[in-house]
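**Student:** There's a structure below that I have some questions on.
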Amino acid sequence: MSVTSLDKDLDNLTLTLTADFAAPVERVWQLWSDPRQLERWWGPPTYPATVEEYDLTPGGDVTYFMTGPEGDKHRGWWRITSVTEPTSLEFTDGFADADGVRSAGMPTTTTRVTLTERDGGTRMEMRSAFDTREQMDQLMKMGMEEGLREAVGQMDGLLAG
């Protein structure tokens, strides 16, 4: 399993996942920068993602839905804040309703992904920041920690293939 740690910091309202891969930074970056590859790991194994819109440029949007085991669809979106290919990406991550409209009543997170060379491979740090403790608690109760661990855990198989 590539995930080496998942640290919840209640004081700073962050959740930080660290993963190490036996692949170069440029190859790990492709799992983020290619929507077809992103679909193969974004979301837990039982909730595969389908990317609908994909603009990985500052100000651009990524929209997607995850399909659950019963055929239920859960929509989400990213608003891209910054991109430094192939080492970092920052975006706001949120939920959408059945029509793809951003859900104002659901929390958003600011996520920063950093890829660095480490021991001939890549270390990925994915830090999600929350606006409030209540929003952080809500997303933790919805299974964000386990879902993130399962999703990133799929990256190893893609990098090996």
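Residues in the structure tokens are named by chain (A, B, ... in the order shown) and by number from 1 within that chain; ligands are numbered from 1 in the order shown.
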Looking only at the backbone, which of the residues in segment 27-92 of chain A does DSSP tag as alpha helix (DSSP H), as a PyMOL selection string?
**Tutor:** chain A and resi 27-33+35-39
**Student:** May I have the residues from that selection written out with all heavy atoms, as a CSV table (one decimal), in the first residue's frame?
**Tutor:**
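Wrote it out as out03.csv, contents follow:
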```
chain,number,residue,atom,x,y,z
A,27,ARG,N,5.3,10.5,-14.0
A,27,ARG,CA,4.3,9.4,-14.2
A,27,ARG,C,3.2,9.6,-13.2
A,27,ARG,O,2.0,9.4,-13.5
A,27,ARG,CB,5.0,8.0,-14.0
A,27,ARG,CG,4.1,6.9,-14.1
A,27,ARG,CD,3.4,6.8,-15.5
A,27,ARG,NE,2.4,5.7,-15.5
A,27,ARG,CZ,1.0,6.0,-15.5
A,27,ARG,NH1,0.6,7.2,-15.6
A,27,ARG,NH2,0.2,5.0,-15.5
A,28,VAL,N,3.5,9.9,-11.9
A,28,VAL,CA,2.5,10.1,-10.9
A,28,VAL,C,1.6,11.3,-11.4
A,28,VAL,O,0.4,11.3,-11.2
A,28,VAL,CB,3.1,10.3,-9.5
A,28,VAL,CG1,2.0,10.6,-8.5
A,28,VAL,CG2,3.9,9.0,-9.1
A,29,TRP,N,2.2,12.3,-11.9
A,29,TRP,CA,1.5,13.5,-12.4
A,29,TRP,C,0.4,13.1,-13.4
A,29,TRP,O,-0.7,13.7,-13.4
A,29,TRP,CB,2.5,14.5,-12.9
A,29,TRP,CG,1.8,15.7,-13.5
A,29,TRP,CD1,1.6,16.0,-14.8
A,29,TRP,CD2,1.1,16.8,-12.8
A,29,TRP,NE1,0.9,17.2,-15.0
A,29,TRP,CE2,0.6,17.7,-13.8
A,29,TRP,CE3,1.0,17.1,-11.5
A,29,TRP,CZ2,-0.1,18.8,-13.4
A,29,TRP,CZ3,0.3,18.3,-11.1
A,29,TRP,CH2,-0.2,19.1,-12.1
A,30,GLN,N,0.8,12.2,-14.3
A,30,GLN,CA,-0.2,11.7,-15.3
A,30,GLN,C,-1.5,11.2,-14.7
A,30,GLN,O,-2.5,11.3,-15.3
A,30,GLN,CB,0.4,10.7,-16.2
A,30,GLN,CG,1.5,11.2,-17.1
A,30,GLN,CD,2.2,10.1,-17.8
A,30,GLN,OE1,2.0,8.9,-17.6
A,30,GLN,NE2,3.1,10.4,-18.8
A,31,LEU,N,-1.4,10.6,-13.5
A,31,LEU,CA,-2.6,10.1,-12.9
A,31,LEU,C,-3.6,11.3,-12.5
A,31,LEU,O,-4.8,11.1,-12.3
A,31,LEU,CB,-2.3,9.3,-11.6
A,31,LEU,CG,-1.5,8.0,-11.9
A,31,LEU,CD1,-1.3,7.2,-10.6
A,31,LEU,CD2,-2.2,7.1,-13.0
A,32,TRP,N,-3.0,12.5,-12.4
A,32,TRP,CA,-3.8,13.7,-12.1
A,32,TRP,C,-4.2,14.4,-13.4
A,32,TRP,O,-5.3,15.0,-13.5
A,32,TRP,CB,-3.0,14.6,-11.2
A,32,TRP,CG,-2.9,14.2,-9.8
A,32,TRP,CD1,-1.9,13.5,-9.2
A,32,TRP,CD2,-3.8,14.3,-8.7
A,32,TRP,NE1,-2.1,13.2,-7.9
A,32,TRP,CE2,-3.3,13.7,-7.6
A,32,TRP,CE3,-5.1,15.0,-8.6
A,32,TRP,CZ2,-4.0,13.7,-6.3
A,32,TRP,CZ3,-5.8,15.0,-7.4
A,32,TRP,CH2,-5.2,14.4,-6.3
A,33,SER,N,-3.2,14.5,-14.3
A,33,SER,CA,-3.4,15.3,-15.5
A,33,SER,C,-4.1,14.7,-16.7
A,33,SER,O,-4.5,15.4,-17.6
A,33,SER,CB,-2.0,15.8,-16.0
A,33,SER,OG,-1.2,14.7,-16.4
A,35,PRO,N,-7.6,12.9,-17.6
A,35,PRO,CA,-8.9,12.5,-17.0
A,35,PRO,C,-9.2,11.1,-17.1
A,35,PRO,O,-9.9,10.5,-16.2
A,35,PRO,CB,-9.9,13.4,-17.8
A,35,PRO,CG,-9.2,13.8,-19.1
A,35,PRO,CD,-7.7,13.8,-18.7
A,36,ARG,N,-8.8,10.3,-18.1
A,36,ARG,CA,-9.1,8.9,-18.2
A,36,ARG,C,-8.3,8.1,-17.1
A,36,ARG,O,-8.9,7.2,-16.5
A,36,ARG,CB,-8.7,8.3,-19.5
A,36,ARG,CG,-9.5,9.0,-20.7
A,36,ARG,CD,-11.0,8.9,-20.8
A,36,ARG,NE,-11.8,9.6,-19.8
A,36,ARG,CZ,-12.4,10.8,-20.0
A,36,ARG,NH1,-12.1,11.5,-21.1
A,36,ARG,NH2,-13.1,11.3,-19.1
A,37,GLN,N,-7.1,8.6,-16.7
A,37,GLN,CA,-6.4,7.9,-15.7
A,37,GLN,C,-7.0,8.3,-14.3
A,37,GLN,O,-7.0,7.5,-13.4
A,37,GLN,CB,-4.9,8.2,-15.8
A,37,GLN,CG,-4.3,7.6,-17.0
A,37,GLN,CD,-2.8,7.7,-17.0
A,37,GLN,OE1,-2.1,7.4,-16.0
A,37,GLN,NE2,-2.3,8.2,-18.1
A,38,LEU,N,-7.4,9.6,-14.2
A,38,LEU,CA,-8.0,10.1,-12.9
A,38,LEU,C,-9.2,9.3,-12.6
A,38,LEU,O,-9.4,8.9,-11.4
A,38,LEU,CB,-8.3,11.6,-13.1
A,38,LEU,CG,-8.9,12.3,-11.9
A,38,LEU,CD1,-7.9,12.3,-10.7
A,38,LEU,CD2,-9.4,13.7,-12.2
A,39,GLU,N,-10.0,8.9,-13.6
A,39,GLU,CA,-11.2,8.1,-13.4
A,39,GLU,C,-10.9,6.8,-12.8
A,39,GLU,O,-11.8,6.2,-12.1
A,39,GLU,CB,-11.9,7.9,-14.7
A,39,GLU,CG,-12.6,9.1,-15.3
A,39,GLU,CD,-13.2,8.8,-16.6
A,39,GLU,OE1,-12.7,8.0,-17.4
A,39,GLU,OE2,-14.2,9.5,-17.0
```
**Student:** With only C-alpha atoms as the counted atoms, please give the residues lying no more than 10 Å from segment 116-119 of chain A, apart from itself and same-chain residues fewer than 4 positions off, as a list in words.
**Tutor:**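 The filter keeps Asp20, Phe21, Ala22, Ala23, Pro24, Val25, Glu26, Pro86, Thr87, Ser88, Arg123, Met124 and Glu125 of chain A.
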**Student:** Produce a file of the selected residues containing N, CA and C atoms, as a CSV table (one decimal), in the first residue's frame.
**Tutor:**
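Now in selection-v1.csv:
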```
chain,number,residue,atom,x,y,z
A,20,ASP,N,3.9,7.1,-0.9
A,20,ASP,CA,5.1,7.0,-1.7
A,20,ASP,C,4.9,6.0,-2.8
A,21,PHE,N,5.5,6.3,-4.0
A,21,PHE,CA,5.3,5.5,-5.1
A,21,PHE,C,6.7,5.2,-5.8
A,22,ALA,N,6.8,4.0,-6.3
A,22,ALA,CA,8.0,3.6,-7.0
A,22,ALA,C,7.9,3.9,-8.5
A,23,ALA,N,7.6,5.2,-8.7
A,23,ALA,CA,7.5,5.7,-10.1
A,23,ALA,C,8.0,7.2,-10.1
A,24,PRO,N,8.4,7.7,-11.2
A,24,PRO,CA,8.9,9.1,-11.3
A,24,PRO,C,7.8,10.1,-11.1
A,25,VAL,N,8.1,11.3,-10.7
A,25,VAL,CA,7.2,12.3,-10.5
A,25,VAL,C,6.3,12.5,-11.8
A,26,GLU,N,6.9,12.5,-12.9
A,26,GLU,CA,6.1,12.8,-14.2
A,26,GLU,C,5.1,11.7,-14.4
A,86,PRO,N,5.2,19.3,-13.3
A,86,PRO,CA,4.5,18.2,-12.9
A,86,PRO,C,4.5,18.0,-11.3
A,87,THR,N,4.6,19.1,-10.6
A,87,THR,CA,4.9,19.0,-9.2
A,87,THR,C,3.8,19.4,-8.2
A,88,SER,N,2.8,20.2,-8.7
A,88,SER,CA,1.8,20.6,-7.7
A,88,SER,C,0.5,21.1,-8.4
A,123,ARG,N,7.1,11.0,-3.7
A,123,ARG,CA,6.3,11.2,-2.5
A,123,ARG,C,5.2,12.2,-2.9
A,124,MET,N,4.0,11.8,-2.6
A,124,MET,CA,2.8,12.6,-2.9
A,124,MET,C,2.2,13.1,-1.5
A,125,GLU,N,2.1,14.4,-1.3
A,125,GLU,CA,1.4,14.9,-0.2
A,125,GLU,C,0.1,15.6,-0.7
```
**Student:** For segment 73-78 of chain A, find every residue with an atom within 8 Å (counting only C-alpha atoms), except residues of its own chain fewer than 5 positions away, and show them as an MDAnalysis selection string.
**Tutor:** chainID A and resid 61:68 91:98 100 102
**Student:** Residues of segment 37-119 of chain A that approach segment 127-134 of chain A to 12 Å or less, counting only C-alpha atoms: could you list each one with the shortest pair of atoms and its distance in Å to one decimal, rows by chain and increasing residue number, as a Markdown table?
**Tutor:**
```
| residue | atom | partner | partner_atom | distance |
| --- | --- | --- | --- | --- |
| A:Ser88 | CA | A:Arg127 | CA | 11.4 |
| A:Leu89 | CA | A:Arg127 | CA | 10.7 |
| A:Glu90 | CA | A:Arg127 | CA | 9.4 |
| A:Phe91 | CA | A:Ser128 | CA | 9.5 |
| A:Thr92 | CA | A:Ser128 | CA | 9.1 |
| A:Asp93 | CA | A:Ser128 | CA | 9.0 |
| A:Gly94 | CA | A:Phe130 | CA | 11.2 |
| A:Met106 | CA | A:Glu134 | CA | 11.1 |
| A:Pro107 | CA | A:Phe130 | CA | 8.0 |
| A:Thr108 | CA | A:Phe130 | CA | 7.1 |
| A:Thr109 | CA | A:Phe130 | CA | 5.1 |
| A:Thr110 | CA | A:Ala129 | CA | 5.1 |
| A:Thr111 | CA | A:Ser128 | CA | 4.3 |
| A:Arg112 | CA | A:Arg127 | CA | 5.3 |
| A:Val113 | CA | A:Arg127 | CA | 6.5 |
| A:Thr114 | CA | A:Arg127 | CA | 8.6 |
| A:Leu115 | CA | A:Arg127 | CA | 11.7 |
```
**Student:** Could I get the residues of segment 10-82 of chain A with an atom no further than 7 Å from an atom of segment 147-150 of chain A, each paired with its nearest atom pair and that distance in Å to one decimal, using only C-alpha atoms, sorted by chain and residue number, as a tab-separated table?
**Tutor:**
```
residue	atom	partner	partner_atom	distance
A:Gly43	CA	A:Gly147	CA	6.7
A:Pro44	CA	A:Glu150	CA	5.2
A:Pro45	CA	A:Glu150	CA	6.9
```
**Student:** Please report, as an NGL selection string, each residue of chain A to which DSSP assigns strand (DSSP E or B) when run on this structure's backbone.
**Tutor:** :A and (3-9 or 14-21 or 49-54 or 61-67 or 73-84 or 88-96 or 102 or 109-118 or 121-130)
**Student:** Would you mind reading off the distance between atom CA of Gly121 of chain A and atom CA of Asp7 of chain A, one decimal, in Å?
**Tutor:**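 Value for the atom CA of Gly121 of chain A-atom CA of Asp7 of chain A distance: 21.7 Å.
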**Student:** From the options A:Tyr54, A:Ile80, A:Ala49, A:Thr18, which residue's atoms come nearest to Asp34 of chain A, counting only C-alpha atoms?
**Tutor:**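 Once distances to Asp34 of chain A are computed over only C-alpha atoms, the minimum belongs to A:Tyr54.
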**Student:** Do you have the atom CA of Gln154 of chain A-atom CA of Thr4 of chain A distance handy?
**Tutor:**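 If I compute the distance from atom CA of Gln154 of chain A to atom CA of Thr4 of chain A, I get 13.7 Å.
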**Student:** Enter the distance from atom CA of Thr16 of chain A to atom CA of Thr122 of chain A, in Å, rounded to one decimal.
**Tutor:**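 Interatomic distance here is 16.1 Å.
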**Student:** Taking only C-alpha atoms into account, which of A:Trp41, A:Gly105, A:Asp72, A:Thr81 comes nearest Pro58 of chain A?
**Tutor:**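 Among the listed residues, the smallest separation from Pro58 of chain A belongs to A:Thr81.
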